[in-house]
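Enquirer: Below is the file entry_1.tsv, with TSV, C-alpha atoms.
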```tsv
chain	number	residue	atom	x	y	z
A	5	MET	CA	-118.81	89.11	-52.03
A	6	ILE	CA	-118.63	92.84	-52.68
A	7	ASN	CA	-116.57	94.31	-55.49
A	8	ILE	CA	-113.70	95.93	-53.59
A	9	LYS	CA	-112.58	98.24	-56.41
A	10	GLN	CA	-116.12	99.42	-57.08
A	11	ASN	CA	-116.74	99.98	-53.36
A	12	MET	CA	-113.50	102.00	-53.08
A	13	THR	CA	-114.54	104.20	-55.99
A	14	ILE	CA	-118.05	104.74	-54.60
A	15	CYS	CA	-116.80	105.54	-51.08
A	16	CYS	CA	-114.17	107.99	-52.29
A	17	ALA	CA	-116.64	109.71	-54.60
A	18	ALA	CA	-119.12	110.08	-51.73
A	19	LEU	CA	-116.42	111.57	-49.50
A	20	CYS	CA	-115.16	113.98	-52.15
A	21	SER	CA	-118.69	115.20	-52.88
A	22	GLY	CA	-119.50	115.61	-49.18
A	23	LYS	CA	-122.35	113.09	-49.43
A	24	ALA	CA	-120.86	110.33	-47.30
A	25	ASP	CA	-122.23	109.24	-43.97
A	26	GLU	CA	-120.41	107.64	-41.04
A	27	GLU	CA	-120.76	104.17	-42.56
A	28	LYS	CA	-119.11	105.29	-45.82
A	29	ILE	CA	-116.28	106.90	-43.87
A	30	ILE	CA	-115.70	103.68	-41.91
A	31	GLN	CA	-115.89	101.59	-45.09
A	32	THR	CA	-113.30	103.83	-46.75
A	33	ILE	CA	-110.94	103.56	-43.79
A	34	ALA	CA	-111.31	99.76	-43.78
A	35	LEU	CA	-110.73	99.57	-47.54
A	36	PHE	CA	-107.56	101.65	-47.37
A	37	LYS	CA	-106.28	99.66	-44.40
A	38	ALA	CA	-106.90	96.35	-46.19
A	39	PHE	CA	-105.03	97.56	-49.28
A	40	HIS	CA	-102.29	99.01	-47.08
A	41	VAL	CA	-101.71	95.72	-45.26
A	42	LEU	CA	-101.96	93.45	-48.29
A	43	TYR	CA	-100.33	95.33	-51.12
A	44	VAL	CA	-98.05	98.08	-49.99
A	45	ASN	CA	-94.47	97.86	-48.79
A	46	VAL	CA	-94.53	99.70	-45.45
A	47	HIS	CA	-91.52	101.83	-46.41
A	48	SER	CA	-92.86	102.94	-49.78
A	49	PRO	CA	-94.20	106.43	-50.48
A	50	GLU	CA	-97.59	104.85	-51.25
A	51	ALA	CA	-97.71	103.31	-47.77
A	52	LYS	CA	-97.02	106.64	-46.14
A	53	LEU	CA	-99.66	108.33	-48.28
A	54	ILE	CA	-102.28	105.67	-47.53
A	55	GLN	CA	-101.55	105.76	-43.79
A	56	HIS	CA	-101.77	109.56	-43.87
A	57	VAL	CA	-105.15	109.35	-45.62
A	58	ILE	CA	-106.37	106.80	-43.05
A	59	ASP	CA	-105.40	109.20	-40.25
A	60	ASN	CA	-107.16	112.07	-42.06
A	61	LEU	CA	-110.29	109.97	-42.47
A	62	LYS	CA	-110.35	109.24	-38.74
A	63	SER	CA	-110.39	113.01	-38.19
A	64	VAL	CA	-113.11	113.40	-40.82
A	65	PHE	CA	-115.16	110.80	-38.93
A	66	SER	CA	-114.70	112.72	-35.69
A	67	VAL	CA	-115.81	115.98	-37.33
A	68	TYR	CA	-118.78	114.19	-38.90
A	69	GLN	CA	-119.82	112.92	-35.47
A	70	SER	CA	-119.85	116.42	-34.02
A	71	ARG	CA	-121.15	118.45	-36.99
A	72	ASP	CA	-122.94	115.91	-39.20
A	73	GLU	CA	-120.99	117.10	-42.24
A	74	ILE	CA	-118.02	116.02	-44.30
A	75	VAL	CA	-115.16	118.50	-44.22
A	76	LEU	CA	-112.33	117.81	-46.66
A	77	MET	CA	-109.81	120.42	-47.69
A	78	PRO	CA	-108.80	120.47	-51.39
A	79	TYR	CA	-105.40	118.93	-50.61
A	80	GLU	CA	-107.13	116.14	-48.65
A	81	VAL	CA	-109.30	115.37	-51.68
A	82	ARG	CA	-106.15	115.18	-53.84
A	83	GLU	CA	-104.47	112.88	-51.29
A	84	LEU	CA	-107.57	110.69	-51.07
A	85	ASN	CA	-107.69	110.30	-54.84
A	86	ALA	CA	-103.94	109.65	-55.06
A	87	ALA	CA	-104.21	106.96	-52.38
A	88	ARG	CA	-107.17	105.39	-54.17
A	89	GLN	CA	-105.21	105.30	-57.42
A	90	ALA	CA	-102.21	103.76	-55.64
A	91	CYS	CA	-104.44	101.03	-54.23
A	92	MET	CA	-106.05	100.33	-57.58
A	93	ALA	CA	-102.66	100.09	-59.27
A	94	LYS	CA	-101.53	97.44	-56.78
A	95	SER	CA	-104.73	95.42	-56.62
A	96	GLY	CA	-103.92	92.73	-59.17
A	97	ARG	CA	-101.14	90.94	-57.33
A	98	ARG	CA	-102.89	88.95	-54.64
A	99	SER	CA	-106.08	87.03	-54.12
A	100	VAL	CA	-109.31	88.99	-54.00
A	101	SER	CA	-110.58	86.67	-51.26
A	102	VAL	CA	-107.68	87.64	-48.98
A	103	LEU	CA	-108.32	91.34	-49.65
A	104	HIS	CA	-112.03	90.82	-48.94
A	105	HIS	CA	-111.22	89.00	-45.70
A	106	LEU	CA	-108.94	91.83	-44.56
A	107	TYR	CA	-111.56	94.42	-45.51
A	108	THR	CA	-114.25	92.61	-43.52
A	109	ALA	CA	-111.99	92.30	-40.48
A	110	TYR	CA	-110.98	95.97	-40.59
A	111	LEU	CA	-114.57	97.05	-41.20
A	112	ASP	CA	-115.66	95.30	-37.99
A	113	TYR	CA	-112.66	96.67	-36.11
A	114	TYR	CA	-113.23	100.29	-37.15
A	115	ARG	CA	-116.99	100.08	-36.64
A	116	HIS	CA	-116.43	99.02	-33.03
A	117	ARG	CA	-113.49	101.32	-32.41
A	118	LEU	CA	-114.82	104.51	-33.99
A	119	MET	CA	-118.47	104.02	-33.12
A	120	GLY	CA	-117.48	102.96	-29.60
A	121	GLU	CA	-115.45	106.15	-29.13
A	122	ALA	CA	-118.32	108.23	-30.44
A	123	SER	CA	-120.81	106.74	-27.99
A	124	GLN	CA	-118.65	107.18	-24.88
A	125	PRO	CA	-119.49	110.16	-22.70
A	126	ASP	CA	-116.84	112.88	-22.41
```
Would you put the structure from the file into structure tokens?
Expert:
Amino acid sequence: MINIKQNMTICCAALCSGKADEEKIIQTIALFKAFHVLYVNVHSPEAKLIQHVIDNLKSVFSVYQSRDEIVLMPYEVRELNAARQACMAKSGRRSVSVLHHLYTAYLDYYRHRLMGEASQPD
């Protein structure tokens, strides 16, 4: 089983440095979604921030598909790091196995959804 916290840190660092690839982007989206579903009250400010970051990362993925580069504005980097910190702060309350299961499910979902959209002709 992968270390979720370590994977989150690695993925976010790769995105912030512009060195991520499409797999890292998808992993990051799946990680945030798993944390969002498991740990965050949907009406909390953290939930809104994490959902906003997920939406931004979907756009980053789309740009990466067309330009083969990571484009994050400085405020997006700040939001990404704030969302990561919010997830890490909440991560002690529930079972790691449940979080890992959610991550795996969302990883498969976003791989098929985002990669499927990218391979469809316009």
Enquirer: Report, in Å with one decimal, the straight-line distance from atom CA of Arg82 of chain A to atom CA of Gln69 of chain A.
Expert: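 Taking atom CA of Arg82 of chain A as the start and atom CA of Gln69 of chain A as the end point, the length is 23.0 Å.
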Enquirer: Please put the answer as lines of an AutoDock Vina configuration file: centre and edge lengths, in Å with one decimal, of a box along x, y and z that encloses all listed atoms of segment 20-36 of chain A plus 8 Å on each side.
Expert:
```
center_x = -115.0
center_y = 107.6
center_z = -47.0
size_x = 30.8
size_y = 32.0
size_z = 27.8
```
Enquirer: With all atoms listed in the file as the atoms that count, which of A:Ser63, A:Phe36, A:Tyr107, A:Ile29 lies nearest to Met92 of chain A?
Expert: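 Among A:Ser63, A:Phe36, A:Tyr107, A:Ile29, it is A:Phe36 that comes nearest to Met92 of chain A.
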Enquirer: So the first atom is atom CA of Val57 of chain A and the second is atom CA of Glu83 of chain A; what is the distance between them in Å, to one decimal place?
Expert: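 Taking atom CA of Val57 of chain A as the start and atom CA of Glu83 of chain A as the end point, the length is 6.7 Å.
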Enquirer: Between A:Leu61, A:Ala90, A:Ala24, A:Val44, single out the one closest to Met77 of chain A, counting only C-alpha atoms.
Expert: A:Leu61
Enquirer: A:Asn60, A:Ser48, A:Gln89, A:Ser99: which is nearest Leu19 of chain A, counting all atoms listed in the file?
Expert: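 When distances to Leu19 of chain A are compared using all atoms listed in the file, the smallest one comes from A:Asn60.
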Enquirer: In Å, rounded to a single decimal, give me how far atom CA of Val64 of chain A is from atom CA of Lys52 of chain A.
Expert: 18.2 Å
Enquirer: Taking into account only C-alpha atoms, which residue in the set A:Lys94, A:Lys28, A:Tyr110, A:Ile54 is nearest to Asn11 of chain A?
Expert: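 Ranked by minimum distance to Asn11 of chain A, first place goes to A:Lys28.
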